$ cat input00.tsv   # TSV, C-alpha atoms
chain	number	residue	atom	x	y	z
A	99	MET	CA	10.21	-22.77	-4.77
A	100	THR	CA	6.68	-23.43	-3.57
A	101	PHE	CA	4.84	-21.58	-0.84
A	102	ARG	CA	2.03	-23.56	0.73
A	103	ILE	CA	-0.55	-22.17	3.07
A	104	ILE	CA	-2.13	-25.08	4.93
A	105	ALA	CA	-5.21	-24.37	7.01
A	106	ALA	CA	-7.37	-26.64	9.13
A	107	GLY	CA	-11.06	-26.57	8.34
A	108	LYS	CA	-13.12	-25.12	5.56
A	109	THR	CA	-13.85	-21.44	5.20
A	110	SER	CA	-17.47	-20.78	6.05
A	111	HIS	CA	-17.81	-16.99	6.13
A	112	GLN	CA	-18.60	-15.46	2.77
A	113	TYR	CA	-16.36	-12.45	3.36
A	114	ALA	CA	-13.40	-14.66	4.24
A	115	LYS	CA	-13.98	-16.86	1.18
A	116	THR	CA	-14.05	-13.83	-1.10
A	117	GLY	CA	-10.99	-12.23	0.50
A	118	ILE	CA	-8.96	-15.43	0.54
A	119	ALA	CA	-9.76	-16.09	-3.14
A	120	GLU	CA	-8.71	-12.51	-3.97
A	121	TYR	CA	-5.24	-12.84	-2.39
A	122	VAL	CA	-4.64	-16.36	-3.69
A	123	LYS	CA	-5.39	-15.06	-7.20
A	124	ARG	CA	-2.99	-12.14	-6.74
A	125	LEU	CA	-0.24	-14.41	-5.43
A	126	LYS	CA	-0.37	-16.66	-8.51
A	127	ARG	CA	1.32	-13.83	-10.41
A	128	TYR	CA	4.36	-14.08	-8.16
A	129	GLY	CA	5.14	-17.77	-8.30
A	130	LYS	CA	3.90	-21.04	-6.87
A	131	PHE	CA	1.49	-20.34	-4.04
A	132	GLU	CA	-0.94	-23.06	-2.99
A	133	LEU	CA	-3.71	-22.96	-0.46
A	134	ILE	CA	-4.53	-26.35	1.03
A	135	HIS	CA	-7.23	-27.19	3.55
A	136	VAL	CA	-6.94	-30.17	5.86
A	137	LYS	CA	-9.78	-31.57	7.91
A	138	ASP	CA	-10.54	-29.78	11.16
A	139	GLY	CA	-10.66	-31.59	14.49
A	140	ASP	CA	-8.94	-31.61	17.85
A	141	SER	CA	-5.47	-30.26	18.41
A	142	ALA	CA	-3.72	-33.64	18.15
A	143	SER	CA	-5.30	-34.77	14.89
A	144	VAL	CA	-5.04	-31.36	13.24
A	145	SER	CA	-1.37	-30.97	14.14
A	146	LYS	CA	-0.72	-34.43	12.71
A	147	ARG	CA	-2.51	-33.60	9.44
A	148	LEU	CA	-0.67	-30.30	9.11
A	149	LEU	CA	2.68	-32.03	9.61
A	150	GLU	CA	1.84	-34.63	6.98
A	151	ALA	CA	0.67	-32.05	4.45
A	152	ALA	CA	3.81	-29.99	4.99
A	153	LYS	CA	6.34	-32.83	4.82
A	154	GLY	CA	9.76	-31.74	3.56
A	155	SER	CA	8.93	-28.04	3.91
A	156	VAL	CA	10.25	-25.29	6.06
A	157	LEU	CA	7.47	-25.06	8.66
A	158	VAL	CA	6.14	-21.64	9.61
A	159	THR	CA	3.43	-22.11	12.21
A	160	MET	CA	0.94	-19.46	13.28
A	161	ASP	CA	1.07	-19.53	17.04
A	162	GLU	CA	0.05	-17.19	19.81
A	163	ARG	CA	3.40	-17.81	21.49
A	164	GLY	CA	5.22	-16.96	18.27
A	165	GLN	CA	7.33	-14.01	17.23
A	166	GLU	CA	5.90	-10.88	15.61
A	167	PHE	CA	7.49	-9.31	12.56
A	168	THR	CA	7.04	-6.09	10.68
A	169	SER	CA	5.83	-6.59	7.11
A	170	THR	CA	9.30	-5.78	5.81
A	171	ALA	CA	11.07	-8.20	8.16
A	172	PHE	CA	8.55	-10.87	7.16
A	173	ALA	CA	9.22	-10.16	3.47
A	174	ASN	CA	12.95	-10.57	4.12
A	175	LYS	CA	12.32	-13.92	5.80
A	176	MET	CA	10.54	-15.08	2.63
A	177	GLN	CA	13.46	-13.84	0.53
A	178	GLY	CA	15.89	-15.77	2.72
A	179	TRP	CA	14.05	-19.04	2.08
A	180	THR	CA	13.76	-18.32	-1.64
A	181	ASP	CA	17.52	-17.73	-1.83
A	182	ASP	CA	18.38	-20.90	0.07
A	183	PRO	CA	18.93	-23.76	-2.42
A	184	SER	CA	18.25	-26.33	0.29
A	185	VAL	CA	14.69	-25.05	0.70
A	186	LYS	CA	12.27	-26.57	-1.78
A	187	SER	CA	9.09	-25.33	-0.16
A	188	VAL	CA	7.80	-23.30	2.75
A	189	SER	CA	4.54	-24.22	4.48
A	190	PHE	CA	2.56	-21.73	6.54
A	191	LEU	CA	0.39	-23.63	9.00
A	192	ILE	CA	-2.85	-22.42	10.55
A	193	GLY	CA	-4.24	-24.90	13.02
A	194	ALA	CA	-7.24	-25.59	15.15
A	195	SER	CA	-8.59	-23.04	17.59
A	196	ASP	CA	-7.34	-25.11	20.55
A	197	GLY	CA	-3.73	-24.75	19.46
A	198	HIS	CA	-0.95	-26.98	18.27
A	199	THR	CA	0.70	-29.99	19.78
A	200	GLU	CA	4.14	-29.67	21.34
A	201	GLU	CA	5.37	-31.97	18.57
A	202	LEU	CA	4.30	-29.54	15.84
A	203	ARG	CA	5.75	-26.60	17.73
A	204	LYS	CA	9.08	-28.39	18.11
A	205	GLN	CA	9.28	-29.31	14.43
A	206	SER	CA	8.46	-25.78	13.29
A	207	HIS	CA	11.27	-23.64	11.94
A	208	LEU	CA	9.42	-20.50	12.89
A	209	LEU	CA	6.50	-19.74	15.20
A	210	LEU	CA	4.79	-16.65	13.85
A	211	ARG	CA	2.28	-14.48	15.67
A	212	LEU	CA	0.18	-12.19	13.52
A	213	SER	CA	-1.22	-10.26	16.47
A	214	LYS	CA	-1.37	-10.40	20.23
A	215	MET	CA	-5.13	-10.51	19.80
A	216	THR	CA	-6.87	-13.79	19.10
A	217	MET	CA	-8.38	-13.66	15.66
A	218	MET	CA	-11.04	-15.85	14.21
A	219	HIS	CA	-9.35	-18.63	12.26
A	220	GLU	CA	-10.59	-17.50	8.85
A	221	LEU	CA	-9.68	-13.90	9.51
A	222	ALA	CA	-6.17	-14.95	10.55
A	223	LEU	CA	-5.85	-16.79	7.24
A	224	LEU	CA	-6.93	-13.65	5.40
A	225	VAL	CA	-4.41	-11.51	7.32
A	226	LEU	CA	-1.63	-14.02	6.62
A	227	LEU	CA	-2.40	-14.09	2.89
A	228	GLU	CA	-2.44	-10.31	2.72
A	229	GLN	CA	0.97	-10.25	4.42
A	230	ILE	CA	2.43	-12.79	2.01
A	231	TYR	CA	1.08	-10.72	-0.86
A	232	ARG	CA	2.37	-7.50	0.70
A	233	GLY	CA	5.75	-9.15	1.24
A	234	GLN	CA	5.96	-10.11	-2.43
A	235	THR	CA	5.28	-6.54	-3.52
A	236	ILE	CA	7.88	-5.25	-1.04
A	237	LEU	CA	10.53	-7.66	-2.37
A	238	ARG	CA	9.82	-6.58	-5.96
A	239	GLY	CA	9.79	-2.91	-5.06
A	240	GLU	CA	6.31	-2.68	-6.50
A	241	PRO	CA	3.76	-0.20	-5.22
A	242	TYR	CA	1.24	-1.95	-3.03
A	243	HIS	CA	-1.89	-2.54	-5.04
A	244	ARG	CA	-4.79	-1.94	-2.69
B	1477	MET	CA	-22.62	4.62	26.08
B	1478	THR	CA	-21.81	4.80	22.39
B	1479	PHE	CA	-18.94	3.12	20.59
B	1480	ARG	CA	-17.99	4.79	17.34
B	1481	ILE	CA	-15.63	3.37	14.79
B	1482	ILE	CA	-14.47	6.20	12.55
B	1483	ALA	CA	-12.53	5.29	9.44
B	1484	ALA	CA	-11.05	7.44	6.70
B	1485	GLY	CA	-12.09	6.55	3.18
B	1486	LYS	CA	-14.69	4.29	1.72
B	1487	THR	CA	-14.43	0.54	1.65
B	1488	SER	CA	-13.74	-0.62	-1.87
B	1489	HIS	CA	-12.98	-4.35	-1.58
B	1490	GLN	CA	-16.05	-6.54	-1.73
B	1491	TYR	CA	-14.74	-8.95	0.90
B	1492	ALA	CA	-14.06	-6.11	3.33
B	1493	LYS	CA	-17.51	-4.61	2.74
B	1494	THR	CA	-19.18	-7.93	3.43
B	1495	GLY	CA	-17.10	-8.64	6.52
B	1496	ILE	CA	-17.50	-5.15	7.97
B	1497	ALA	CA	-21.27	-5.30	7.47
B	1498	GLU	CA	-21.35	-8.69	9.19
B	1499	TYR	CA	-19.60	-7.47	12.37
B	1500	VAL	CA	-21.49	-4.18	12.49
B	1501	LYS	CA	-24.72	-6.18	12.36
B	1502	ARG	CA	-23.55	-8.48	15.14
B	1503	LEU	CA	-22.50	-5.55	17.33
B	1504	LYS	CA	-25.93	-3.93	17.14
B	1505	ARG	CA	-27.13	-6.66	19.48
B	1506	TYR	CA	-24.75	-5.47	22.18
B	1507	GLY	CA	-25.52	-1.76	22.33
B	1508	LYS	CA	-24.82	1.39	20.40
B	1509	PHE	CA	-22.11	0.76	17.86
B	1510	GLU	CA	-21.77	3.12	14.93
B	1511	LEU	CA	-19.47	2.94	11.93
B	1512	ILE	CA	-18.70	6.32	10.40
B	1513	HIS	CA	-16.61	7.05	7.34
B	1514	VAL	CA	-14.88	10.38	6.88
B	1515	LYS	CA	-13.33	11.57	3.62
B	1516	ASP	CA	-9.87	10.24	2.83
B	1517	GLY	CA	-6.96	12.54	2.06
B	1518	ASP	CA	-3.55	13.43	3.36
B	1519	SER	CA	-2.49	12.87	6.94
B	1520	ALA	CA	-3.25	16.44	8.12
B	1521	SER	CA	-6.77	16.68	6.74
B	1522	VAL	CA	-7.72	13.14	7.74
B	1523	SER	CA	-6.49	13.60	11.31
B	1524	LYS	CA	-8.50	16.82	11.50
B	1525	ARG	CA	-11.68	15.15	10.24
B	1526	LEU	CA	-11.24	12.23	12.65
B	1527	LEU	CA	-10.82	14.61	15.58
B	1528	GLU	CA	-13.95	16.53	14.59
B	1529	ALA	CA	-16.03	13.40	14.15
B	1530	ALA	CA	-14.88	12.08	17.54
B	1531	LYS	CA	-15.38	15.26	19.56
B	1532	GLY	CA	-16.17	14.62	23.22
B	1533	SER	CA	-15.20	10.95	22.99
B	1534	VAL	CA	-12.47	8.90	24.53
B	1535	LEU	CA	-10.09	8.60	21.56
B	1536	VAL	CA	-8.62	5.21	20.74
B	1537	THR	CA	-6.38	5.61	17.72
B	1538	MET	CA	-5.03	2.76	15.60
B	1539	ASP	CA	-1.33	3.48	15.31
B	1540	GLU	CA	1.75	1.50	14.40
B	1541	ARG	CA	3.52	3.00	17.41
B	1542	GLY	CA	0.67	1.97	19.69
B	1543	GLN	CA	0.36	-0.66	22.35
B	1544	GLU	CA	-0.77	-4.24	21.67
B	1545	PHE	CA	-3.35	-5.99	23.82
B	1546	THR	CA	-4.62	-9.49	24.11
B	1547	SER	CA	-8.30	-9.84	23.23
B	1548	THR	CA	-9.16	-10.19	26.92
B	1549	ALA	CA	-7.17	-7.12	27.97
B	1550	PHE	CA	-8.84	-5.18	25.17
B	1551	ALA	CA	-12.27	-6.36	26.35
B	1552	ASN	CA	-11.42	-5.17	29.87
B	1553	LYS	CA	-10.44	-1.77	28.49
B	1554	MET	CA	-13.90	-1.50	26.91
B	1555	GLN	CA	-15.50	-2.52	30.19
B	1556	GLY	CA	-13.54	0.17	32.02
B	1557	TRP	CA	-14.90	2.87	29.73
B	1558	THR	CA	-18.44	1.51	29.97
B	1559	ASP	CA	-18.23	1.60	33.77
B	1560	ASP	CA	-16.89	5.15	33.87
B	1561	PRO	CA	-19.82	7.59	34.19
B	1562	SER	CA	-17.70	10.43	32.80
B	1563	VAL	CA	-17.33	8.57	29.50
B	1564	LYS	CA	-20.24	9.18	27.12
B	1565	SER	CA	-18.65	7.67	24.05
B	1566	VAL	CA	-15.53	5.95	22.81
B	1567	SER	CA	-14.25	6.53	19.29
B	1568	PHE	CA	-11.92	4.11	17.55
B	1569	LEU	CA	-10.03	5.96	14.83
B	1570	ILE	CA	-8.53	4.44	11.70
B	1571	GLY	CA	-6.68	7.01	9.64
B	1572	ALA	CA	-4.95	7.45	6.34
B	1573	SER	CA	-2.18	5.14	5.20
B	1574	ASP	CA	0.42	7.88	5.74
B	1575	GLY	CA	-0.29	8.04	9.46
B	1576	HIS	CA	-1.69	10.52	11.93
B	1577	THR	CA	-0.62	14.01	12.89
B	1578	GLU	CA	1.22	14.60	16.14
B	1579	GLU	CA	-1.83	16.58	17.27
B	1580	LEU	CA	-4.13	13.56	16.92
B	1581	ARG	CA	-1.61	11.31	18.63
B	1582	LYS	CA	-1.34	13.72	21.55
B	1583	GLN	CA	-5.09	14.03	21.98
B	1584	SER	CA	-5.61	10.27	21.91
B	1585	HIS	CA	-6.33	8.49	25.16
B	1586	LEU	CA	-4.95	5.27	23.78
B	1587	LEU	CA	-2.77	4.39	20.80
B	1588	LEU	CA	-3.64	0.86	19.80
B	1589	ARG	CA	-1.64	-1.40	17.51
B	1590	LEU	CA	-3.47	-4.38	16.06
B	1591	SER	CA	-0.34	-6.00	14.70
B	1592	LYS	CA	3.30	-5.25	14.12
B	1593	MET	CA	2.57	-5.94	10.46
B	1594	THR	CA	1.15	-3.20	8.28
B	1595	MET	CA	-2.31	-4.21	7.19
B	1596	MET	CA	-4.35	-2.81	4.37
B	1597	HIS	CA	-6.63	-0.15	5.77
B	1598	GLU	CA	-9.87	-2.05	5.13
B	1599	LEU	CA	-8.48	-5.25	6.55
B	1600	ALA	CA	-7.40	-3.40	9.70
B	1601	LEU	CA	-10.95	-2.12	10.06
B	1602	LEU	CA	-12.25	-5.66	9.73
B	1603	VAL	CA	-9.79	-6.94	12.36
B	1604	LEU	CA	-10.73	-4.12	14.74
B	1605	LEU	CA	-14.45	-4.83	14.35
B	1606	GLU	CA	-13.91	-8.52	14.99
B	1607	GLN	CA	-11.98	-7.65	18.16
B	1608	ILE	CA	-14.70	-5.33	19.41
B	1609	TYR	CA	-17.23	-8.08	18.75
B	1610	ARG	CA	-15.00	-10.69	20.39
B	1611	GLY	CA	-14.53	-8.36	23.35
B	1612	GLN	CA	-18.28	-8.02	23.81
B	1613	THR	CA	-18.74	-11.79	23.85
B	1614	ILE	CA	-15.87	-12.14	26.35
B	1615	LEU	CA	-17.42	-9.54	28.68
B	1616	ARG	CA	-20.78	-11.33	28.57
B	1617	GLY	CA	-19.24	-14.73	29.05
B	1618	GLU	CA	-20.85	-15.86	25.83
B	1619	PRO	CA	-19.32	-18.51	23.62
B	1620	TYR	CA	-17.68	-16.91	20.62
B	1621	HIS	CA	-20.00	-17.25	17.66
B	1622	ARG	CA	-17.80	-17.99	14.66

$ encode --input "input00.tsv" --output "structure tokens"
Amino acid sequence: MTFRIIAAGKTSHQYAKTGIAEYVKRLKRYGKFELIHVKDGDSASVSKRLLEAAKGSVLVTMDERGQEFTSTAFANKMQGWTDDPSVKSVSFLIGASDGHTEELRKQSHLLLRLSKMTMMHELALLVLLEQIYRGQTILRGEPYHR
Amino acid sequence: MTFRIIAAGKTSHQYAKTGIAEYVKRLKRYGKFELIHVKDGDSASVSKRLLEAAKGSVLVTMDERGQEFTSTAFANKMQGWTDDPSVKSVSFLIGASDGHTEELRKQSHLLLRLSKMTMMHELALLVLLEQIYRGQTILRGEPYHR
């Protein structure tokens, strides 16, 4: 089982770079977690690149129209995919600031909203990674390592 | 008008330190924004310290049972306080991981939830600061500076 986090655009803020690297490193202990960047651009081209990079995966797309979960419910979602033999990989998609195409939305298995507030792209990626990490500790019954 | 962000405990993660410093610096351009740390501890003592540090302020408390806002609605909330001559300061409170006392909840003017997900304390502070910054740019009609 592979978890892929696919984000449009490079990370430019130093704090985001450092934080993202920290959680990616932590996640490596728990299995196959890959962070992939695709080229940024307009909504149409980014959505297309995200779909290509995520081919064959369960698609979990960060979207302001998506559903919110508690950390525990989100952890259970991850467990469900891990337990499903038909799922080879899950891809978490973070797109361009001008949103996703209808095509990407339709193909997504889950639209996930991290917050009702609009967060800067790189900060949203950081929050998502921390939630995936938190979810893994919840599923293992481990104390959360701050 | 003074905006105070009052958080329990020191920031230990390098990425959070860097990010928090970045948004505090940006906010200085927009008026009086102060970040204050109070000593960490159990729920009762932290809530007490937060209340003391925020005396005389409108109290906006980060709380998992709180209300969620869009970034624009949150910006309008800030504008409302700024326009109210009876409001001298607004204090945003981020408490201990084991929550707030009922006393602090009752005294709060607003319970604010950043996300349904539980975020690490320092990350929540970073998200809050980014929202205050975003709110200020929204109110001034400025383009968001990534």

$ residues_around --input "input00.tsv" --residues "Val1566 of chain B" --least-positions-apart "4" --cutoff "10 Å" --atoms "only C-alpha atoms" --output "ChimeraX atom specification"
/B:1477-1481,1509,1530-1536,1554,1557-1558,1585

$ write_last_selection --input "input00.tsv" --atoms "C-alpha atoms" --output "PDB file, in the frame of the given file"
ATOM      1  CA  MET B1477     -22.620   4.620  26.080  1.00  0.00           C
ATOM      2  CA  THR B1478     -21.810   4.800  22.390  1.00  0.00           C
ATOM      3  CA  PHE B1479     -18.940   3.120  20.590  1.00  0.00           C
ATOM      4  CA  ARG B1480     -17.990   4.790  17.340  1.00  0.00           C
ATOM      5  CA  ILE B1481     -15.630   3.370  14.790  1.00  0.00           C
ATOM      6  CA  PHE B1509     -22.110   0.760  17.860  1.00  0.00           C
ATOM      7  CA  ALA B1530     -14.880  12.080  17.540  1.00  0.00           C
ATOM      8  CA  LYS B1531     -15.380  15.260  19.560  1.00  0.00           C
ATOM      9  CA  GLY B1532     -16.170  14.620  23.220  1.00  0.00           C
ATOM     10  CA  SER B1533     -15.200  10.950  22.990  1.00  0.00           C
ATOM     11  CA  VAL B1534     -12.470   8.900  24.530  1.00  0.00           C
ATOM     12  CA  LEU B1535     -10.090   8.600  21.560  1.00  0.00           C
ATOM     13  CA  VAL B1536      -8.620   5.210  20.740  1.00  0.00           C
ATOM     14  CA  MET B1554     -13.900  -1.500  26.910  1.00  0.00           C
ATOM     15  CA  TRP B1557     -14.900   2.870  29.730  1.00  0.00           C
ATOM     16  CA  THR B1558     -18.440   1.510  29.970  1.00  0.00           C
ATOM     17  CA  HIS B1585      -6.330   8.490  25.160  1.00  0.00           C
TER      18      HIS B1585
END

$ interface_residues --input "input00.tsv" --of "chain B" --to "chain A" --cutoff "12 Å" --atoms "only C-alpha atoms" --output "VMD selection string"
chain B and resid 1487 to 1499 1540 to 1541 1543 to 1551 1573 1588 to 1611 1614 1620 to 1622

$ calpha_fit_and_write --input "input00.tsv" --fixed "chain B" --moving "chain A" --output "CSV table (one decimal) with C-alpha atoms, in the coordinates of the input"
chain,number,residue,atom,x,y,z
A,99,MET,CA,-22.6,4.6,26.1
A,100,THR,CA,-21.8,4.8,22.4
A,101,PHE,CA,-18.9,3.1,20.6
A,102,ARG,CA,-18.0,4.8,17.3
A,103,ILE,CA,-15.6,3.4,14.8
A,104,ILE,CA,-14.5,6.2,12.5
A,105,ALA,CA,-12.5,5.3,9.4
A,106,ALA,CA,-11.0,7.4,6.7
A,107,GLY,CA,-12.1,6.6,3.2
A,108,LYS,CA,-14.7,4.3,1.7
A,109,THR,CA,-14.4,0.5,1.7
A,110,SER,CA,-13.7,-0.6,-1.9
A,111,HIS,CA,-13.0,-4.3,-1.6
A,112,GLN,CA,-16.0,-6.5,-1.7
A,113,TYR,CA,-14.7,-8.9,0.9
A,114,ALA,CA,-14.1,-6.1,3.3
A,115,LYS,CA,-17.5,-4.6,2.7
A,116,THR,CA,-19.2,-7.9,3.4
A,117,GLY,CA,-17.1,-8.6,6.5
A,118,ILE,CA,-17.5,-5.2,8.0
A,119,ALA,CA,-21.3,-5.3,7.5
A,120,GLU,CA,-21.3,-8.7,9.2
A,121,TYR,CA,-19.6,-7.5,12.4
A,122,VAL,CA,-21.5,-4.2,12.5
A,123,LYS,CA,-24.7,-6.2,12.4
A,124,ARG,CA,-23.6,-8.5,15.2
A,125,LEU,CA,-22.5,-5.5,17.3
A,126,LYS,CA,-25.9,-3.9,17.1
A,127,ARG,CA,-27.1,-6.7,19.5
A,128,TYR,CA,-24.8,-5.5,22.2
A,129,GLY,CA,-25.5,-1.8,22.3
A,130,LYS,CA,-24.8,1.4,20.4
A,131,PHE,CA,-22.1,0.8,17.9
A,132,GLU,CA,-21.8,3.1,14.9
A,133,LEU,CA,-19.5,2.9,11.9
A,134,ILE,CA,-18.7,6.3,10.4
A,135,HIS,CA,-16.6,7.1,7.3
A,136,VAL,CA,-14.9,10.4,6.9
A,137,LYS,CA,-13.3,11.6,3.6
A,138,ASP,CA,-9.9,10.2,2.8
A,139,GLY,CA,-7.0,12.5,2.1
A,140,ASP,CA,-3.6,13.4,3.4
A,141,SER,CA,-2.5,12.9,6.9
A,142,ALA,CA,-3.2,16.4,8.1
A,143,SER,CA,-6.8,16.7,6.7
A,144,VAL,CA,-7.7,13.1,7.7
A,145,SER,CA,-6.5,13.6,11.3
A,146,LYS,CA,-8.5,16.8,11.5
A,147,ARG,CA,-11.7,15.1,10.2
A,148,LEU,CA,-11.2,12.2,12.6
A,149,LEU,CA,-10.8,14.6,15.6
A,150,GLU,CA,-13.9,16.5,14.6
A,151,ALA,CA,-16.0,13.4,14.2
A,152,ALA,CA,-14.9,12.1,17.5
A,153,LYS,CA,-15.4,15.3,19.5
A,154,GLY,CA,-16.2,14.6,23.2
A,155,SER,CA,-15.2,10.9,23.0
A,156,VAL,CA,-12.5,8.9,24.5
A,157,LEU,CA,-10.1,8.6,21.6
A,158,VAL,CA,-8.6,5.2,20.7
A,159,THR,CA,-6.4,5.6,17.7
A,160,MET,CA,-5.0,2.7,15.6
A,161,ASP,CA,-1.3,3.5,15.3
A,162,GLU,CA,1.7,1.5,14.4
A,163,ARG,CA,3.5,3.0,17.4
A,164,GLY,CA,0.7,2.0,19.7
A,165,GLN,CA,0.4,-0.7,22.4
A,166,GLU,CA,-0.8,-4.2,21.7
A,167,PHE,CA,-3.3,-6.0,23.8
A,168,THR,CA,-4.6,-9.5,24.1
A,169,SER,CA,-8.3,-9.8,23.2
A,170,THR,CA,-9.1,-10.2,26.9
A,171,ALA,CA,-7.2,-7.1,28.0
A,172,PHE,CA,-8.8,-5.2,25.2
A,173,ALA,CA,-12.3,-6.4,26.4
A,174,ASN,CA,-11.4,-5.2,29.9
A,175,LYS,CA,-10.4,-1.8,28.5
A,176,MET,CA,-13.9,-1.5,26.9
A,177,GLN,CA,-15.5,-2.5,30.2
A,178,GLY,CA,-13.5,0.2,32.0
A,179,TRP,CA,-14.9,2.9,29.7
A,180,THR,CA,-18.4,1.5,30.0
A,181,ASP,CA,-18.2,1.6,33.8
A,182,ASP,CA,-16.9,5.1,33.9
A,183,PRO,CA,-19.8,7.6,34.2
A,184,SER,CA,-17.7,10.4,32.8
A,185,VAL,CA,-17.3,8.6,29.5
A,186,LYS,CA,-20.2,9.2,27.1
A,187,SER,CA,-18.7,7.7,24.0
A,188,VAL,CA,-15.5,6.0,22.8
A,189,SER,CA,-14.2,6.5,19.3
A,190,PHE,CA,-11.9,4.1,17.5
A,191,LEU,CA,-10.0,6.0,14.8
A,192,ILE,CA,-8.5,4.4,11.7
A,193,GLY,CA,-6.7,7.0,9.6
A,194,ALA,CA,-4.9,7.5,6.4
A,195,SER,CA,-2.2,5.2,5.2
A,196,ASP,CA,0.4,7.9,5.8
A,197,GLY,CA,-0.3,8.1,9.5
A,198,HIS,CA,-1.7,10.5,11.9
A,199,THR,CA,-0.6,14.0,12.9
A,200,GLU,CA,1.2,14.6,16.1
A,201,GLU,CA,-1.8,16.6,17.3
A,202,LEU,CA,-4.1,13.6,16.9
A,203,ARG,CA,-1.6,11.3,18.6
A,204,LYS,CA,-1.3,13.7,21.5
A,205,GLN,CA,-5.1,14.0,22.0
A,206,SER,CA,-5.6,10.3,21.9
A,207,HIS,CA,-6.3,8.5,25.2
A,208,LEU,CA,-4.9,5.3,23.8
A,209,LEU,CA,-2.8,4.4,20.8
A,210,LEU,CA,-3.6,0.8,19.8
A,211,ARG,CA,-1.6,-1.4,17.5
A,212,LEU,CA,-3.5,-4.4,16.1
A,213,SER,CA,-0.3,-6.0,14.7
A,214,LYS,CA,3.3,-5.3,14.1
A,215,MET,CA,2.6,-5.9,10.5
A,216,THR,CA,1.2,-3.2,8.3
A,217,MET,CA,-2.3,-4.2,7.2
A,218,MET,CA,-4.3,-2.8,4.4
A,219,HIS,CA,-6.6,-0.1,5.8
A,220,GLU,CA,-9.9,-2.0,5.1
A,221,LEU,CA,-8.5,-5.2,6.5
A,222,ALA,CA,-7.4,-3.4,9.7
A,223,LEU,CA,-10.9,-2.1,10.1
A,224,LEU,CA,-12.2,-5.7,9.7
A,225,VAL,CA,-9.8,-7.0,12.4
A,226,LEU,CA,-10.7,-4.1,14.7
A,227,LEU,CA,-14.4,-4.8,14.4
A,228,GLU,CA,-13.9,-8.5,15.0
A,229,GLN,CA,-12.0,-7.7,18.2
A,230,ILE,CA,-14.7,-5.3,19.4
A,231,TYR,CA,-17.2,-8.1,18.7
A,232,ARG,CA,-15.0,-10.7,20.4
A,233,GLY,CA,-14.5,-8.4,23.4
A,234,GLN,CA,-18.3,-8.0,23.8
A,235,THR,CA,-18.7,-11.8,23.9
A,236,ILE,CA,-15.9,-12.1,26.4
A,237,LEU,CA,-17.4,-9.5,28.7
A,238,ARG,CA,-20.8,-11.3,28.6
A,239,GLY,CA,-19.2,-14.7,29.1
A,240,GLU,CA,-20.9,-15.8,25.8
A,241,PRO,CA,-19.3,-18.5,23.6
A,242,TYR,CA,-17.7,-16.9,20.6
A,243,HIS,CA,-20.0,-17.3,17.7
A,244,ARG,CA,-17.8,-18.0,14.7

$ residues_around --input "input00.tsv" --residues "segment 140-149 of chain A" --least-positions-apart "2" --cutoff "12 Å" --atoms "only C-alpha atoms" --output "ChimeraX atom specification"
/A:102-107,134-138,151-160,189-206

$ write_last_selection --input "input00.tsv" --atoms "C-alpha atoms" --output "JSON list (two decimals), in the frame of the given file"
[["chain", "number", "residue", "atom", "x", "y", "z"],
["A", 102, "ARG", "CA", 2.03, -23.56, 0.73],
["A", 103, "ILE", "CA", -0.55, -22.17, 3.07],
["A", 104, "ILE", "CA", -2.13, -25.08, 4.93],
["A", 105, "ALA", "CA", -5.21, -24.37, 7.01],
["A", 106, "ALA", "CA", -7.37, -26.64, 9.13],
["A", 107, "GLY", "CA", -11.06, -26.57, 8.34],
["A", 134, "ILE", "CA", -4.53, -26.35, 1.03],
["A", 135, "HIS", "CA", -7.23, -27.19, 3.55],
["A", 136, "VAL", "CA", -6.94, -30.17, 5.86],
["A", 137, "LYS", "CA", -9.78, -31.57, 7.91],
["A", 138, "ASP", "CA", -10.54, -29.78, 11.16],
["A", 151, "ALA", "CA", 0.67, -32.05, 4.45],
["A", 152, "ALA", "CA", 3.81, -29.99, 4.99],
["A", 153, "LYS", "CA", 6.34, -32.83, 4.82],
["A", 154, "GLY", "CA", 9.76, -31.74, 3.56],
["A", 155, "SER", "CA", 8.93, -28.04, 3.91],
["A", 156, "VAL", "CA", 10.25, -25.29, 6.06],
["A", 157, "LEU", "CA", 7.47, -25.06, 8.66],
["A", 158, "VAL", "CA", 6.14, -21.64, 9.61],
["A", 159, "THR", "CA", 3.43, -22.11, 12.21],
["A", 160, "MET", "CA", 0.94, -19.46, 13.28],
["A", 189, "SER", "CA", 4.54, -24.22, 4.48],
["A", 190, "PHE", "CA", 2.56, -21.73, 6.54],
["A", 191, "LEU", "CA", 0.39, -23.63, 9.00],
["A", 192, "ILE", "CA", -2.85, -22.42, 10.55],
["A", 193, "GLY", "CA", -4.24, -24.90, 13.02],
["A", 194, "ALA", "CA", -7.24, -25.59, 15.15],
["A", 195, "SER", "CA", -8.59, -23.04, 17.59],
["A", 196, "ASP", "CA", -7.34, -25.11, 20.55],
["A", 197, "GLY", "CA", -3.73, -24.75, 19.46],
["A", 198, "HIS", "CA", -0.95, -26.98, 18.27],
["A", 199, "THR", "CA", 0.70, -29.99, 19.78],
["A", 200, "GLU", "CA", 4.14, -29.67, 21.34],
["A", 201, "GLU", "CA", 5.37, -31.97, 18.57],
["A", 202, "LEU", "CA", 4.30, -29.54, 15.84],
["A", 203, "ARG", "CA", 5.75, -26.60, 17.73],
["A", 204, "LYS", "CA", 9.08, -28.39, 18.11],
["A", 205, "GLN", "CA", 9.28, -29.31, 14.43],
["A", 206, "SER", "CA", 8.46, -25.78, 13.29]]

$ atom_distance --input "input00.tsv" --atom1 "atom CA of Arg1505 of chain B" --atom2 "atom CA of Thr1613 of chain B"
10.8 Å

$ axis_aligned_box --input "input00.tsv" --around "segment 194-201 of chain A" --padding-each-side "8 Å" --output "AutoDock Vina command-line options"
--center_x -1.6 --center_y -27.5 --center_z 18.2 --size_x 30.0 --size_y 24.9 --size_z 22.2
